[in-house]
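Novice: Just so it is clear, I am handing over coords-v4.cif, which has mmCIF, C-alpha atoms.
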```cif
data_input
loop_
_atom_site.group_PDB
_atom_site.id
_atom_site.type_symbol
_atom_site.label_atom_id
_atom_site.label_comp_id
_atom_site.auth_asym_id
_atom_site.auth_seq_id
_atom_site.Cartn_x
_atom_site.Cartn_y
_atom_site.Cartn_z
ATOM 1 C CA MET R 250 13.476 58.139 58.180
ATOM 2 C CA PHE R 251 15.916 56.864 55.553
ATOM 3 C CA GLY R 252 13.401 57.156 52.728
ATOM 4 C CA MET R 253 13.236 60.911 53.334
ATOM 5 C CA ARG R 254 16.788 61.189 52.015
ATOM 6 C CA VAL R 255 15.745 59.967 48.588
ATOM 7 C CA GLN R 256 12.653 62.183 48.594
ATOM 8 C CA ILE R 257 14.767 65.274 49.354
ATOM 9 C CA ALA R 258 17.315 64.393 46.666
ATOM 10 C CA LEU R 259 14.602 63.892 44.040
ATOM 11 C CA ALA R 260 12.903 67.141 45.061
ATOM 12 C CA GLU R 261 16.163 69.110 44.823
ATOM 13 C CA LYS R 262 16.695 67.663 41.344
ATOM 14 C CA GLY R 263 13.141 68.559 40.360
ATOM 15 C CA VAL R 264 12.357 64.935 39.490
ATOM 16 C CA LYS R 265 8.712 63.877 39.739
ATOM 17 C CA TYR R 266 8.071 60.495 41.345
ATOM 18 C CA GLU R 267 5.363 58.281 42.790
ATOM 19 C CA TYR R 268 5.609 57.736 46.540
ATOM 20 C CA ARG R 269 4.296 54.536 48.119
ATOM 21 C CA GLU R 270 3.862 54.163 51.867
ATOM 22 C CA GLU R 271 4.837 50.864 53.506
ATOM 23 C CA ASP R 272 3.265 49.375 56.638
ATOM 24 C CA LEU R 273 6.446 48.402 58.438
ATOM 25 C CA LEU R 274 4.779 47.291 61.674
ATOM 26 C CA THR R 275 2.435 44.636 60.300
ATOM 27 C CA LYS R 276 2.784 43.398 56.717
ATOM 28 C CA LYS R 277 5.344 44.357 54.097
ATOM 29 C CA SER R 278 4.035 44.611 50.546
ATOM 30 C CA ASP R 279 4.757 42.058 47.834
ATOM 31 C CA LEU R 280 6.368 44.861 45.810
ATOM 32 C CA LEU R 281 8.876 45.618 48.586
ATOM 33 C CA LEU R 282 9.733 41.924 49.039
ATOM 34 C CA LYS R 283 10.185 41.553 45.282
ATOM 35 C CA MET R 284 12.293 44.693 44.837
ATOM 36 C CA ASN R 285 14.442 44.218 47.938
ATOM 37 C CA PRO R 286 14.524 40.442 48.590
ATOM 38 C CA VAL R 287 17.856 40.625 50.439
ATOM 39 C CA HIS R 288 17.162 43.126 53.232
ATOM 40 C CA LYS R 289 13.373 43.465 52.812
ATOM 41 C CA LYS R 290 13.679 47.091 53.960
ATOM 42 C CA ILE R 291 12.827 50.563 52.737
ATOM 43 C CA PRO R 292 13.662 52.706 50.944
ATOM 44 C CA VAL R 293 13.744 51.236 47.481
ATOM 45 C CA LEU R 294 14.018 53.564 44.509
ATOM 46 C CA ILE R 295 12.490 51.939 41.407
ATOM 47 C CA HIS R 296 13.708 53.528 38.181
ATOM 48 C CA ASN R 297 12.887 52.065 34.791
ATOM 49 C CA GLY R 298 11.553 48.981 36.580
ATOM 50 C CA LYS R 299 14.865 48.329 38.353
ATOM 51 C CA PRO R 300 15.370 48.652 42.144
ATOM 52 C CA VAL R 301 18.079 50.689 43.852
ATOM 53 C CA CYS R 302 18.274 49.791 47.550
ATOM 54 C CA GLU R 303 19.823 51.528 50.584
ATOM 55 C CA SER R 304 19.143 55.236 51.022
ATOM 56 C CA LEU R 305 22.630 56.705 50.519
ATOM 57 C CA ILE R 306 23.237 54.502 47.489
ATOM 58 C CA ALA R 307 19.898 55.679 46.094
ATOM 59 C CA VAL R 308 20.843 59.332 46.684
ATOM 60 C CA GLN R 309 24.129 58.784 44.834
ATOM 61 C CA TYR R 310 22.190 57.097 42.017
ATOM 62 C CA VAL R 311 19.879 60.126 41.781
ATOM 63 C CA GLU R 312 22.952 62.364 41.625
ATOM 64 C CA GLU R 313 24.511 60.343 38.798
ATOM 65 C CA VAL R 314 21.365 59.893 36.691
ATOM 66 C CA TRP R 315 20.243 63.525 36.920
ATOM 67 C CA LYS R 316 23.706 65.073 37.233
ATOM 68 C CA GLU R 317 22.878 68.040 34.994
ATOM 69 C CA LYS R 318 20.460 69.320 37.638
ATOM 70 C CA TYR R 319 21.126 70.621 41.188
ATOM 71 C CA PRO R 320 24.487 69.069 42.268
ATOM 72 C CA ILE R 321 24.273 67.112 45.532
ATOM 73 C CA LEU R 322 27.890 65.929 45.746
ATOM 74 C CA PRO R 323 30.928 68.206 45.224
ATOM 75 C CA SER R 324 32.773 68.011 41.890
ATOM 76 C CA ASP R 325 36.182 67.872 43.617
ATOM 77 C CA PRO R 326 37.162 64.223 44.337
ATOM 78 C CA TYR R 327 38.581 64.968 47.807
ATOM 79 C CA GLN R 328 35.545 66.996 48.879
ATOM 80 C CA ARG R 329 33.300 64.254 47.516
ATOM 81 C CA ALA R 330 35.193 61.670 49.585
ATOM 82 C CA GLN R 331 34.843 63.863 52.694
ATOM 83 C CA ALA R 332 31.092 64.183 52.125
ATOM 84 C CA ARG R 333 30.808 60.397 51.906
ATOM 85 C CA PHE R 334 32.877 60.047 55.086
ATOM 86 C CA TRP R 335 30.523 62.277 57.086
ATOM 87 C CA ALA R 336 27.403 60.629 55.653
ATOM 88 C CA ASP R 337 28.883 57.287 56.741
ATOM 89 C CA TYR R 338 29.522 58.775 60.206
ATOM 90 C CA VAL R 339 25.853 59.736 60.399
ATOM 91 C CA ASP R 340 24.757 56.201 59.502
ATOM 92 C CA LYS R 341 27.135 54.549 61.954
ATOM 93 C CA LYS R 342 26.625 56.903 64.902
ATOM 94 C CA ILE R 343 23.386 58.917 64.907
ATOM 95 C CA TYR R 344 20.811 56.173 64.322
ATOM 96 C CA ASP R 345 22.153 53.821 67.009
ATOM 97 C CA ALA R 346 22.721 56.612 69.530
ATOM 98 C CA GLY R 347 19.182 57.925 68.981
ATOM 99 C CA ARG R 348 17.646 54.460 69.250
ATOM 100 C CA LYS R 349 19.322 53.853 72.597
ATOM 101 C CA ILE R 350 17.626 56.968 73.998
ATOM 102 C CA TRP R 351 14.109 55.594 73.500
ATOM 103 C CA ALA R 352 14.942 51.911 73.952
ATOM 104 C CA THR R 353 16.681 52.170 77.350
ATOM 105 C CA LYS R 354 16.098 53.551 80.843
ATOM 106 C CA GLY R 355 18.060 54.730 83.862
ATOM 107 C CA GLU R 356 21.849 54.868 83.665
ATOM 108 C CA GLU R 357 21.880 53.258 80.228
ATOM 109 C CA GLN R 358 19.631 56.011 78.889
ATOM 110 C CA GLN R 359 21.775 58.705 80.512
ATOM 111 C CA ALA R 360 24.822 57.244 78.771
ATOM 112 C CA ALA R 361 22.887 57.144 75.487
ATOM 113 C CA LYS R 362 21.939 60.813 75.766
ATOM 114 C CA LYS R 363 25.563 61.731 76.446
ATOM 115 C CA GLU R 364 26.739 59.704 73.435
ATOM 116 C CA PHE R 365 24.087 61.292 71.194
ATOM 117 C CA ILE R 366 25.013 64.838 72.209
ATOM 118 C CA GLU R 367 28.721 64.091 71.741
ATOM 119 C CA CYS R 368 27.999 62.879 68.181
ATOM 120 C CA LEU R 369 26.027 66.040 67.404
ATOM 121 C CA ARG R 370 28.857 68.194 68.751
ATOM 122 C CA VAL R 371 31.320 66.419 66.468
ATOM 123 C CA LEU R 372 28.997 67.274 63.581
ATOM 124 C CA GLU R 373 28.721 70.871 64.795
ATOM 125 C CA GLY R 374 32.506 71.045 64.580
ATOM 126 C CA GLU R 375 32.434 69.856 60.988
ATOM 127 C CA LEU R 376 29.646 72.315 60.131
ATOM 128 C CA GLY R 377 31.656 75.218 61.534
ATOM 129 C CA ASP R 378 30.351 78.574 60.359
ATOM 130 C CA LYS R 379 28.940 77.238 57.091
ATOM 131 C CA PRO R 380 25.167 77.487 56.538
ATOM 132 C CA TYR R 381 25.119 73.868 55.329
ATOM 133 C CA PHE R 382 27.513 70.924 55.488
ATOM 134 C CA GLY R 383 27.670 71.292 51.710
ATOM 135 C CA GLY R 384 28.836 74.915 52.061
ATOM 136 C CA ASP R 385 26.481 77.584 50.774
ATOM 137 C CA LYS R 386 24.074 74.987 49.391
ATOM 138 C CA LEU R 387 22.303 71.941 50.782
ATOM 139 C CA GLY R 388 24.385 68.893 49.917
ATOM 140 C CA TYR R 389 24.943 65.177 50.439
ATOM 141 C CA VAL R 390 25.711 65.295 54.176
ATOM 142 C CA ASP R 391 22.757 67.598 54.841
ATOM 143 C CA ILE R 392 20.444 65.197 53.006
ATOM 144 C CA ALA R 393 21.854 62.223 54.935
ATOM 145 C CA LEU R 394 21.474 63.947 58.297
ATOM 146 C CA VAL R 395 18.416 66.198 58.319
ATOM 147 C CA PRO R 396 15.756 63.410 58.396
ATOM 148 C CA PHE R 397 16.866 62.634 61.953
ATOM 149 C CA TYR R 398 15.598 66.070 62.984
ATOM 150 C CA SER R 399 12.026 64.762 62.690
ATOM 151 C CA TRP R 400 12.877 62.326 65.514
ATOM 152 C CA PHE R 401 14.276 64.947 67.887
ATOM 153 C CA TYR R 402 10.926 65.544 69.607
ATOM 154 C CA ALA R 403 10.622 61.792 70.260
ATOM 155 C CA TYR R 404 14.183 61.582 71.589
ATOM 156 C CA GLU R 405 13.638 64.608 73.842
ATOM 157 C CA THR R 406 10.298 63.340 75.156
ATOM 158 C CA CYS R 407 11.643 59.871 75.926
ATOM 159 C CA GLY R 408 14.916 61.152 77.355
ATOM 160 C CA LYS R 409 13.539 64.256 79.086
ATOM 161 C CA PHE R 410 16.203 66.635 77.766
ATOM 162 C CA SER R 411 16.619 69.497 75.296
ATOM 163 C CA ILE R 412 18.792 68.944 72.241
ATOM 164 C CA GLU R 413 18.648 72.649 71.355
ATOM 165 C CA ALA R 414 19.982 73.602 74.792
ATOM 166 C CA GLU R 415 22.953 71.256 74.272
ATOM 167 C CA CYS R 416 23.581 71.821 70.554
ATOM 168 C CA PRO R 417 22.093 75.176 69.464
ATOM 169 C CA LYS R 418 24.207 75.428 66.297
ATOM 170 C CA PHE R 419 23.030 72.006 65.141
ATOM 171 C CA VAL R 420 19.361 72.817 65.698
ATOM 172 C CA ALA R 421 19.794 76.186 63.930
ATOM 173 C CA TRP R 422 21.196 74.267 60.937
ATOM 174 C CA ALA R 423 18.234 71.855 61.009
ATOM 175 C CA LYS R 424 15.729 74.720 61.101
ATOM 176 C CA ARG R 425 17.559 76.340 58.173
ATOM 177 C CA CYS R 426 17.193 73.101 56.210
ATOM 178 C CA MET R 427 13.495 72.912 57.088
ATOM 179 C CA GLN R 428 12.939 76.234 55.338
ATOM 180 C CA ARG R 429 13.749 74.541 52.056
ATOM 181 C CA GLU R 430 10.664 73.169 50.332
ATOM 182 C CA SER R 431 12.411 69.888 49.512
ATOM 183 C CA VAL R 432 13.039 69.227 53.209
ATOM 184 C CA GLY R 433 9.918 70.739 54.757
ATOM 185 C CA LYS R 434 7.627 68.684 52.521
ATOM 186 C CA SER R 435 9.599 65.453 52.943
ATOM 187 C CA LEU R 436 9.901 65.298 56.730
ATOM 188 C CA PRO R 437 6.883 64.087 58.752
ATOM 189 C CA ASP R 438 5.334 65.912 61.695
ATOM 190 C CA PRO R 439 7.458 65.189 64.823
ATOM 191 C CA HIS R 440 4.341 64.302 66.858
ATOM 192 C CA ARG R 441 3.419 61.646 64.280
ATOM 193 C CA VAL R 442 6.933 60.246 64.592
ATOM 194 C CA TYR R 443 6.510 60.085 68.372
ATOM 195 C CA GLU R 444 3.173 58.242 68.005
ATOM 196 C CA PHE R 445 4.864 55.763 65.652
ATOM 197 C CA LEU R 446 7.660 55.340 68.188
ATOM 198 C CA LEU R 447 5.172 54.519 70.960
ATOM 199 C CA GLN R 448 3.744 51.761 68.751
ATOM 200 C CA LEU R 449 7.263 50.527 68.079
ATOM 201 C CA LYS R 450 8.120 50.455 71.785
ATOM 202 C CA LYS R 451 4.911 48.555 72.557
ATOM 203 C CA ARG R 452 5.635 46.048 69.800
ATOM 204 C CA HIS R 453 9.095 45.373 71.258
ATOM 205 C CA GLY R 454 7.850 45.320 74.869
ATOM 206 C CA LEU R 455 9.676 48.533 75.778
ATOM 207 C CA ASP R 456 6.734 50.624 77.033
#
```
Can you turn what I pasted into structure tokens?
Specialist:
Amino acid sequence: MFGMRVQIALAEKGVKYEYREEDLLTKKSDLLLKMNPVHKKIPVLIHNGKPVCESLIAVQYVEEVWKEKYPILPSDPYQRAQARFWADYVDKKIYDAGRKIWATKGEEQQAAKKEFIECLRVLEGELGDKPYFGGDKLGYVDIALVPFYSWFYAYETCGKFSIEAECPKFVAWAKRCMQRESVGKSLPDPHRVYEFLLQLKKRHGLD
């Protein structure tokens, strides 16, 4: 999920790269362990033989190195700070709220669904009438947030609810993002995500 952010940023900048898949369920590669010995997690952006870890940091790195191409962050310092605030909100709220939907049952799951929808509605408020969080163009917050859309089918299937029925403006934004080649080609098929999730649940004894 988080690696998609870097893929989208690179695609928007028109930067060619080599993508390497990692088997996160069984054995992590020696390259990953070497390039990210602290967290041992993806994504890792390797540029000129040097690793840049953590997805949002990697996106900011892409912005700074290839700044003459498609701008991801606003030029205005205040707007740039606001974009970072909302990307941080996404990291702190959306992932955990989504995970609780598939990792819990009963009343706990109902509470998780409510929390998730409330978070999306907060984001809908920030989006307002703009086509993208970045304004007229896809930007930093959009890149941070849109990969979660590939998990919506899994959340809905596990939680037996409709995100679009609860947050139509949010889903309309996500579909708008998907029309961009950088996003459409970077996000996996939602059914594949669900199959991966079933393996994850089984591995953690949650099936």
Novice: Under the rule that all atoms listed in the file are counted, which of R:Leu449, R:Leu376, R:Val420, R:Ala361 is the nearest residue to Phe397 in chain R?
Specialist: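 When distances to Phe397 in chain R are compared using all atoms listed in the file, the smallest one comes from R:Val420.
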Novice: Given the file shown, determine the residues that the PyMOL selection byres ((chain R and resi 255) around 8) selects; report them as a ChimeraX atom specification.
Specialist: /R:251-254,256-259,292,294,304-305,307-308,311
Novice: Between R:His440, R:Glu373, R:Tyr266, R:Asp272, which residue has the minimum interatomic distance to Ile295 in chain R, considering all atoms listed in the file?
Specialist: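 The closest residue to Ile295 in chain R is R:Tyr266.
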Novice: Mind checking which residues fall within 10 Å of Thr406 in chain R, counting all atoms listed in the file, ignoring those fewer than 4 positions away in the same chain, and posting them as an NGL selection string?
Specialist: :R and (350-351 or 401-402 or 410-411 or 443)
Novice: Using the chain letters and numbers from this file, what does the PyMOL selection byres ((chain R and resi 450) around 12) select? Give the answer as an mmCIF file with C-alpha atoms, in the frame of the given file.
Specialist:
```
data_model
loop_
_atom_site.group_PDB
_atom_site.id
_atom_site.type_symbol
_atom_site.label_atom_id
_atom_site.label_comp_id
_atom_site.auth_asym_id
_atom_site.auth_seq_id
_atom_site.Cartn_x
_atom_site.Cartn_y
_atom_site.Cartn_z
ATOM 1 C CA LEU R 274 4.779 47.291 61.674
ATOM 2 C CA ARG R 348 17.646 54.460 69.250
ATOM 3 C CA LYS R 349 19.322 53.853 72.597
ATOM 4 C CA ILE R 350 17.626 56.968 73.998
ATOM 5 C CA TRP R 351 14.109 55.594 73.500
ATOM 6 C CA ALA R 352 14.942 51.911 73.952
ATOM 7 C CA THR R 353 16.681 52.170 77.350
ATOM 8 C CA ALA R 403 10.622 61.792 70.260
ATOM 9 C CA CYS R 407 11.643 59.871 75.926
ATOM 10 C CA TYR R 443 6.510 60.085 68.372
ATOM 11 C CA GLU R 444 3.173 58.242 68.005
ATOM 12 C CA PHE R 445 4.864 55.763 65.652
ATOM 13 C CA LEU R 446 7.660 55.340 68.188
ATOM 14 C CA LEU R 447 5.172 54.519 70.960
ATOM 15 C CA GLN R 448 3.744 51.761 68.751
ATOM 16 C CA LEU R 449 7.263 50.527 68.079
ATOM 17 C CA LYS R 451 4.911 48.555 72.557
ATOM 18 C CA ARG R 452 5.635 46.048 69.800
ATOM 19 C CA HIS R 453 9.095 45.373 71.258
ATOM 20 C CA GLY R 454 7.850 45.320 74.869
ATOM 21 C CA LEU R 455 9.676 48.533 75.778
ATOM 22 C CA ASP R 456 6.734 50.624 77.033
#
```
Novice: With only C-alpha atoms as the atoms that count, which of R:Leu436, R:Ile392, R:Ile366, R:Val301 lies nearest to Pro417 in chain R?
Specialist: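 Checking each candidate against Pro417 in chain R, we get R:Ile366 as the closest.
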Novice: Got a sec: who's within 8 Å of range 278-281 of chain R, counting only C-alpha atoms, leaving out chain neighbours fewer than 4 positions off, as a ChimeraX atom specification?
Specialist: /R:271-272,285-286,289-291,293
Novice: Name the closest residue to Gln331 in chain R among the candidates R:Gly383, R:Gly377, R:Gly408, R:Gly263; distances are taken between atoms, counting only C-alpha atoms.
Specialist: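 Ranked by minimum distance to Gln331 in chain R, first place goes to R:Gly383.
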Novice: Which of these, R:Glu405, R:Glu270, R:Glu413, R:Asp391, has the shortest distance to Ser431 in chain R once you count all atoms listed in the file?
Specialist: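 Checking each of R:Glu405, R:Glu270, R:Glu413, R:Asp391 against Ser431 in chain R, counting all atoms listed in the file, the winner is R:Asp391.
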Novice: If I take CA of Val432 in chain R and CA of Leu387 in chain R, how far is one from the other in Å, to one decimal?
Specialist: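 Calculated distance between CA of Val432 in chain R and CA of Leu387 in chain R is 10.0 Å.
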Novice: Find the residues near Cys416 in chain R: any atom within 12 Å, counting all atoms listed in the file, skip ones fewer than 5 places away on the same chain, and give them as an NGL selection string.
Specialist: :R and (363 or 365-374 or 401 or 410-411 or 421-423)
Novice: In Å, rounded to a single decimal, give me how far CA of His296 in chain R is from CA of Cys426 in chain R.
Specialist: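 The value is 26.8 Å.
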Novice: Between R:Val287, R:Val339, R:Ala360, R:Ala414, which is the closest to Pro396 in chain R once you count all atoms listed in the file?
Specialist: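 Distance minimum relative to Pro396 in chain R lands on R:Val339.
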Novice: Enter the distance from CA of Lys265 in chain R to CA of Asp337 in chain R, in Å, rounded to one decimal.
Specialist: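 Atom-to-atom, CA of Lys265 in chain R to CA of Asp337 in chain R, that is 27.2 Å.
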